[in-house]
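Listing of run_29.csv; format and content: CSV, C-alpha atoms.
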chain,number,residue,atom,x,y,z
A,52,MET,CA,36.3,-1.9,23.1
A,53,CYS,CA,38.5,-0.3,20.4
A,54,GLN,CA,36.6,-2.2,17.8
A,55,LEU,CA,33.3,-1.0,19.2
A,56,GLN,CA,34.5,2.6,19.1
A,57,LEU,CA,35.7,2.3,15.6
A,58,THR,CA,32.3,0.8,14.5
A,59,SER,CA,30.4,3.5,16.3
A,60,GLY,CA,32.6,6.2,14.7
A,61,ALA,CA,32.1,4.7,11.3
A,62,HIS,CA,28.4,4.5,11.9
A,63,ASP,CA,28.3,8.2,12.9
A,64,ALA,CA,30.2,9.2,9.9
A,65,TYR,CA,27.8,7.3,7.7
A,66,ALA,CA,24.8,8.6,9.5
A,67,ALA,CA,26.1,12.2,9.0
A,68,ARG,CA,26.0,11.6,5.2
A,69,MET,CA,22.5,10.1,5.3
A,70,PRO,CA,19.7,12.5,4.4
A,71,THR,CA,17.1,11.0,6.8
A,72,THR,CA,16.6,12.2,10.3
A,73,PRO,CA,18.4,9.5,12.4
A,74,ASP,CA,16.6,10.3,15.6
A,75,ASP,CA,13.2,9.7,14.1
A,76,PRO,CA,13.1,6.0,13.0
A,77,ALA,CA,9.5,6.4,11.7
A,78,ALA,CA,10.5,9.1,9.2
A,79,ALA,CA,13.7,7.2,8.3
A,80,ILE,CA,11.7,4.0,7.6
A,81,ALA,CA,9.0,6.0,5.6
A,82,ALA,CA,11.9,7.3,3.4
A,83,VAL,CA,13.0,3.7,2.8
A,84,ILE,CA,9.5,2.7,1.9
A,85,GLY,CA,9.3,5.6,-0.5
A,86,LEU,CA,12.6,4.6,-2.2
A,87,ARG,CA,11.4,1.0,-2.4
A,88,ARG,CA,8.3,2.1,-4.2
A,89,LEU,CA,10.3,4.3,-6.6
A,90,ALA,CA,12.8,1.4,-7.1
A,91,ASP,CA,9.9,-0.9,-8.0
A,92,ARG,CA,8.7,1.5,-10.6
A,93,MET,CA,12.2,2.1,-12.0
A,94,GLU,CA,12.6,-1.7,-12.3
A,95,ARG,CA,9.4,-2.0,-14.2
A,96,GLU,CA,10.4,0.7,-16.6
A,97,ALA,CA,14.0,-0.6,-17.1
A,98,VAL,CA,12.7,-4.1,-17.7
A,99,GLU,CA,10.2,-2.9,-20.3
A,100,ARG,CA,13.0,-1.1,-22.1
A,101,ALA,CA,15.2,-4.1,-22.0
A,102,VAL,CA,12.5,-6.3,-23.5
A,103,ASP,CA,11.9,-3.7,-26.2
A,104,GLU,CA,15.5,-3.9,-27.0
A,105,GLY,CA,15.3,-7.7,-27.4
A,106,TRP,CA,16.8,-8.9,-24.1
A,107,THR,CA,16.0,-12.5,-23.1
A,108,TRP,CA,14.5,-13.3,-19.6
A,109,GLN,CA,17.9,-14.9,-18.8
A,110,GLN,CA,19.7,-11.7,-19.5
A,111,ILE,CA,17.2,-9.5,-17.6
A,112,ALA,CA,17.3,-11.9,-14.6
A,113,GLN,CA,21.1,-11.8,-14.6
A,114,ALA,CA,21.2,-8.0,-14.7
A,115,LEU,CA,18.6,-7.9,-11.9
A,116,GLY,CA,20.5,-10.5,-9.8
A,117,VAL,CA,17.5,-12.7,-9.5
A,118,THR,CA,16.5,-16.1,-11.0
A,119,ARG,CA,14.9,-16.3,-14.4
A,120,GLN,CA,11.7,-17.5,-12.8
A,121,ALA,CA,11.7,-14.6,-10.3
A,122,ALA,CA,12.2,-12.1,-13.1
A,123,HIS,CA,9.5,-13.8,-15.2
A,124,LYS,CA,7.0,-13.9,-12.3
A,125,ARG,CA,7.5,-10.2,-11.5
A,126,HIS,CA,7.3,-8.9,-15.0
A,127,ALA,CA,5.9,-11.3,-17.6
A,128,ALA,CA,2.1,-10.7,-17.1
A,129,ARG,CA,2.5,-6.9,-17.2
A,130,LEU,CA,4.6,-7.0,-20.3
A,131,ARG,CA,2.1,-9.3,-22.0
A,132,ALA,CA,-0.7,-6.9,-21.1
A,133,ARG,CA,1.3,-4.0,-22.4
A,134,SER,CA,2.1,-5.7,-25.8
A,135,ARG,CA,-1.6,-6.5,-26.1
A,136,HIS,CA,-2.5,-2.9,-25.6
A,137,THR,CA,0.1,-1.8,-28.1
A,138,GLU,CA,-1.4,-4.0,-30.7
A,139,GLU,CA,-4.9,-2.7,-29.9
A,140,ASP,CA,-3.6,0.8,-30.5
A,141,ARG,CA,-2.4,0.0,-34.0
B,60,MET,CA,-29.3,-13.6,13.7
B,61,ASN,CA,-29.1,-13.4,10.0
B,62,PRO,CA,-29.0,-16.9,8.5
B,63,PHE,CA,-27.2,-15.5,5.5
B,64,LYS,CA,-24.4,-14.0,7.5
B,65,ALA,CA,-21.8,-16.4,6.3
B,66,LEU,CA,-22.7,-15.9,2.7
B,67,ASP,CA,-22.9,-12.1,3.2
B,68,ASP,CA,-19.5,-12.2,4.9
B,69,MET,CA,-18.0,-14.2,2.0
B,70,ARG,CA,-19.3,-11.6,-0.5
B,71,THR,CA,-17.9,-8.8,1.6
B,72,ILE,CA,-14.5,-10.5,1.9
B,73,LYS,CA,-14.3,-11.0,-1.8
B,74,GLN,CA,-15.3,-7.4,-2.5
B,75,LEU,CA,-12.7,-6.1,0.0
B,76,LEU,CA,-9.9,-8.1,-1.4
B,77,THR,CA,-10.7,-7.6,-5.1
B,78,GLU,CA,-11.2,-3.9,-4.7
B,79,SER,CA,-8.1,-3.4,-2.6
B,80,GLU,CA,-6.1,-5.1,-5.2
B,81,ARG,CA,-7.7,-3.0,-7.9
B,82,ILE,CA,-7.0,0.2,-5.9
B,83,ALA,CA,-3.4,-0.8,-5.3
B,84,ARG,CA,-2.8,-1.4,-9.0
B,85,ASP,CA,-4.5,1.9,-9.8
B,86,LEU,CA,-2.0,3.6,-7.5
B,87,GLY,CA,0.8,1.7,-9.2
B,88,GLU,CA,1.5,-0.9,-6.5
B,89,ARG,CA,1.8,-4.6,-7.0
B,90,GLU,CA,0.6,-5.6,-3.6
B,91,PRO,CA,-2.3,-4.1,-1.6
B,92,GLY,CA,-1.3,-2.6,1.8
B,93,ALA,CA,-3.4,-1.6,4.7
B,94,GLU,CA,-3.9,1.8,3.0
B,95,HIS,CA,-5.6,0.2,0.0
B,96,LEU,CA,-7.7,-2.0,2.3
B,97,LEU,CA,-8.9,1.2,4.0
B,98,LEU,CA,-9.9,2.7,0.7
B,99,SER,CA,-11.6,-0.6,-0.3
B,100,ALA,CA,-13.5,-0.6,3.1
B,101,MET,CA,-14.6,3.0,2.4
B,102,ALA,CA,-16.0,1.9,-0.9
B,103,LEU,CA,-18.1,-1.0,0.4
B,104,PRO,CA,-21.8,-0.7,-0.2
B,105,ASP,CA,-22.7,-0.9,3.5
B,106,GLY,CA,-21.2,2.6,3.7
B,107,SER,CA,-20.2,2.3,7.4
B,108,GLY,CA,-16.5,2.6,6.6
B,109,ALA,CA,-16.9,5.8,4.6
B,110,ARG,CA,-19.3,7.3,7.3
B,111,ALA,CA,-16.8,6.5,10.1
B,112,MET,CA,-14.0,8.2,8.1
B,113,ALA,CA,-16.3,11.2,7.3
B,114,THR,CA,-16.8,11.7,11.1
B,115,VAL,CA,-13.1,12.6,11.3
B,116,GLY,CA,-13.3,14.7,8.1
B,117,ALA,CA,-11.7,12.3,5.6
B,118,ASP,CA,-13.1,11.0,2.4
B,119,ALA,CA,-11.5,8.7,-0.2
B,120,ASP,CA,-10.0,11.6,-2.2
B,121,ALA,CA,-8.4,13.0,0.9
B,122,VAL,CA,-6.8,9.6,1.6
B,123,ARG,CA,-5.5,9.3,-1.9
B,124,SER,CA,-4.0,12.8,-1.9
B,125,ALA,CA,-2.4,12.1,1.5
B,126,LEU,CA,-0.9,8.9,0.1
B,127,VAL,CA,0.7,10.9,-2.8
B,128,ALA,CA,1.9,13.5,-0.4
B,129,GLU,CA,3.3,10.8,1.9
B,130,GLN,CA,5.3,9.3,-1.0
B,131,ALA,CA,6.6,12.8,-2.1
B,132,ASP,CA,7.7,13.6,1.5
B,133,ALA,CA,9.4,10.2,1.8
B,134,LEU,CA,11.5,10.9,-1.3
B,135,VAL,CA,12.3,14.4,-0.1
B,136,SER,CA,13.5,13.0,3.3
B,137,ALA,CA,15.6,10.5,1.3
B,138,GLY,CA,17.4,13.4,-0.2
B,139,MET,CA,15.5,14.1,-3.4
B,140,PRO,CA,14.7,17.7,-4.5
B,141,ARG,CA,11.0,18.5,-3.7
B,142,GLU,CA,9.9,19.3,-7.2
B,143,ARG,CA,11.3,16.0,-8.6
B,144,ALA,CA,9.9,14.1,-5.6
B,145,GLU,CA,6.4,15.5,-6.2
B,146,ALA,CA,6.6,14.6,-9.9
B,147,LEU,CA,7.7,11.0,-9.1
B,148,ALA,CA,5.1,10.6,-6.4
B,149,VAL,CA,2.2,10.9,-8.9
B,150,PRO,CA,1.0,7.3,-9.2
B,151,GLU,CA,1.1,5.5,-12.5
B,152,PRO,CA,-1.5,2.7,-12.8
B,153,LEU,CA,-0.1,-0.8,-13.0
B,154,ASP,CA,-1.6,-3.0,-15.7
B,155,ASP,CA,-1.1,-6.7,-15.1
B,156,GLY,CA,-3.7,-7.6,-17.7
B,157,ASP,CA,-6.1,-10.3,-17.0
B,158,ARG,CA,-3.8,-12.0,-14.5
B,159,PRO,CA,-5.9,-14.2,-12.3
B,160,ARG,CA,-6.9,-12.6,-9.0
B,161,ILE,CA,-4.8,-14.3,-6.3
B,162,TYR,CA,-5.6,-12.1,-3.3
B,163,ALA,CA,-1.9,-11.5,-2.7
B,164,ALA,CA,-2.4,-8.8,0.0
B,165,GLY,CA,0.8,-7.6,1.7
B,166,PRO,CA,1.4,-8.3,5.4
B,167,THR,CA,0.0,-5.0,6.7
B,168,ALA,CA,-3.2,-5.5,4.8
B,169,ARG,CA,-3.5,-9.1,6.0
B,170,GLU,CA,-3.0,-8.1,9.6
B,171,VAL,CA,-5.7,-5.4,9.4
B,172,PHE,CA,-8.0,-7.8,7.5
B,173,ARG,CA,-7.6,-10.5,10.2
B,174,ALA,CA,-8.2,-7.9,13.0
B,175,ALA,CA,-11.4,-6.7,11.3
B,176,GLY,CA,-12.6,-10.3,10.9
B,177,ASP,CA,-11.9,-10.9,14.6
B,178,ARG,CA,-13.9,-7.9,15.6
B,179,ALA,CA,-16.9,-8.9,13.5
B,180,ARG,CA,-16.8,-12.5,14.9
B,181,ALA,CA,-16.4,-11.3,18.5
B,182,SER,CA,-19.5,-9.1,18.2
B,183,LYS,CA,-21.4,-11.7,16.0
B,184,GLN,CA,-21.9,-9.0,13.4
B,185,ARG,CA,-21.8,-9.1,9.7
B,186,LEU,CA,-18.4,-8.0,8.4
B,187,ALA,CA,-18.7,-4.3,7.5
B,188,GLY,CA,-16.4,-1.4,6.4
B,189,ALA,CA,-16.4,0.0,9.9
B,190,HIS,CA,-14.8,-3.2,11.2
B,191,VAL,CA,-11.9,-2.5,8.9
B,192,VAL,CA,-11.8,1.2,9.8
B,193,ALA,CA,-11.8,0.3,13.5
B,194,ALA,CA,-8.8,-2.1,12.9
B,195,ILE,CA,-7.0,0.6,10.9
B,196,ALA,CA,-7.5,3.1,13.8
B,197,ASP,CA,-5.3,0.7,15.9
B,198,VAL,CA,-2.4,0.6,13.4
B,199,GLU,CA,0.6,2.3,15.0
B,200,HIS,CA,3.1,2.4,12.2
B,201,GLY,CA,3.5,2.3,8.5
B,202,THR,CA,2.0,4.1,5.5
B,203,VAL,CA,-1.6,4.0,6.7
B,204,ALA,CA,-0.8,5.3,10.1
B,205,ARG,CA,1.2,8.1,8.6
B,206,VAL,CA,-1.6,8.9,6.3
B,207,LEU,CA,-4.1,9.2,9.2
B,208,ASP,CA,-1.6,11.4,11.0
B,209,ARG,CA,-1.2,13.6,7.9
B,210,LEU,CA,-5.0,14.0,7.7
B,211,GLY,CA,-5.0,15.0,11.4
B,212,VAL,CA,-7.2,12.1,12.3
B,213,ASP,CA,-7.9,11.6,16.0
B,214,ARG,CA,-7.6,7.8,16.4
B,215,GLN,CA,-9.8,7.7,19.5
B,216,ARG,CA,-12.5,9.5,17.7
B,217,LEU,CA,-12.2,7.3,14.6
B,218,SER,CA,-12.5,4.2,16.8
B,219,GLU,CA,-15.6,5.6,18.5
B,220,ALA,CA,-17.1,6.6,15.2
B,221,ALA,CA,-16.5,3.1,13.7
B,222,ARG,CA,-18.0,1.5,16.8
B,223,ALA,CA,-21.0,3.8,16.6
B,224,GLU,CA,-21.6,2.8,13.0
B,225,LEU,CA,-21.6,-0.9,14.0
B,226,THR,CA,-24.0,-0.5,16.9
B,227,ALA,CA,-26.3,1.6,14.8
B,228,SER,CA,-26.7,-1.1,12.2
Full structure transcribed into structure tokens:
Amino acid sequence: MCQLQLTSGAHDAYAARMPTTPDDPAAAIAAVIGLRRLADRMEREAVERAVDEGWTWQQIAQALGVTRQAAHKRHAARLRARSRHTEEDR
Amino acid sequence: MNPFKALDDMRTIKQLLTESERIARDLGEREPGAEHLLLSAMALPDGSGARAMATVGADADAVRSALVAEQADALVSAGMPRERAEALAVPEPLDDGDRPRIYAAGPTAREVFRAAGDRARASKQRLAGAHVVAAIADVEHGTVARVLDRLGVDRQRLSEAARAELTAS
């Protein structure tokens, strides 16, 4: 009981700091989706910068907290396309 | 009964999936969602999807603008200042080069796609854009549902318009 109250109190304190409207789950979830989209885009840009600075896939994967294969699968094709375009521009 | 129905359907399916993937990438997303499938259905040459949407006053540009507005508002409700959110919501096309098309649609797109196919099969009709639009009109939550709300689309009217398109053909 005491534990429950504590948990609920902690939750309320956390919810009070959250910017989303807690009583509208649809809006709260939409905000999460928006952040996820933004996070994906930030990840792409950050990985591109890392590659430009000579990072290996192993290093990028470690920083992202994913396997080397996962990092490669997510980013390699795009980076190849990008370096092709850069060469075409020259 | 059109003896070429199966072939026509296969062509339509391929168009829908390829185009929704292209639209998703154009809008900076790796994986097509139901919203990209809607835009893809509206671009099908049979025209029924675009006509059904036009009945409720929405064209492809309006859907695209609503998607951008939805992303901006999502970031604002996550605590970002509006000006910054609007700048970040402008989509940046994603270029994966000549990566083989693998039809990797996301779960919301797959669900709508399946529902559209079921509708076409149940009515023994050729798969058309309006089948996708009718399936979209039933989606309760998520980006595509919020985009329809944002555009002030009456779901009931959209459903009826899609059905009317299908019985007319």
When the cut-off is 12 Å and we count all atoms listed in the file, which residues of chain A are near chain B, given as a ChimeraX atom specification?
-> /A:68-73,75-93,95-96,124-136
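The space separating atom CA of Ala164 of chain B from atom CA of Pro91 of chain B comes to 5.0 Å.
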Atom-to-atom span, atom CA of Thr226 of chain B and atom CA of Gly92 of chain B, Å = 27.3 Å
Could you state the separation of atom CA of Glu199 of chain B and atom CA of Pro152 of chain B in Å, given to one decimal place?
->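 For atom CA of Glu199 of chain B relative to atom CA of Pro152 of chain B, the distance reads 27.9 Å.
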Using only C-alpha atoms, find each residue in segment 96-207 of chain B having at least one atom no more than 8 Å away from segment 212-218 of chain B; report its shortest atom-to-atom pair and that distance in Å (one decimal), rows by chain then rising number, as CSV.
residue,atom,partner,partner_atom,distance
B:Ala111,CA,B:Leu217,CA,6.5
B:Met112,CA,B:Leu217,CA,6.8
B:Thr114,CA,B:Leu217,CA,7.3
B:Val115,CA,B:Val212,CA,6.0
B:Gly116,CA,B:Val212,CA,7.8
B:Val192,CA,B:Ser218,CA,7.6
B:Ala193,CA,B:Ser218,CA,5.2
B:Ala196,CA,B:Arg214,CA,5.4
B:Asp197,CA,B:Arg214,CA,7.5
B:Leu207,CA,B:Val212,CA,5.3
Which residues, written as a PDB file with C-alpha atoms, keeping the file's coordinate frame, have at least one atom at most 8 Å from Trp108 of chain A, with only C-alpha atoms counted and residues fewer than 4 positions away on the same chain left out?
ATOM      1  CA  ALA A 112      17.300 -11.900 -14.600  1.00  0.00           C
ATOM      2  CA  ARG A 119      14.900 -16.300 -14.400  1.00  0.00           C
ATOM      3  CA  ALA A 122      12.200 -12.100 -13.100  1.00  0.00           C
ATOM      4  CA  HIS A 123       9.500 -13.800 -15.200  1.00  0.00           C
TER       5      HIS A 123
END
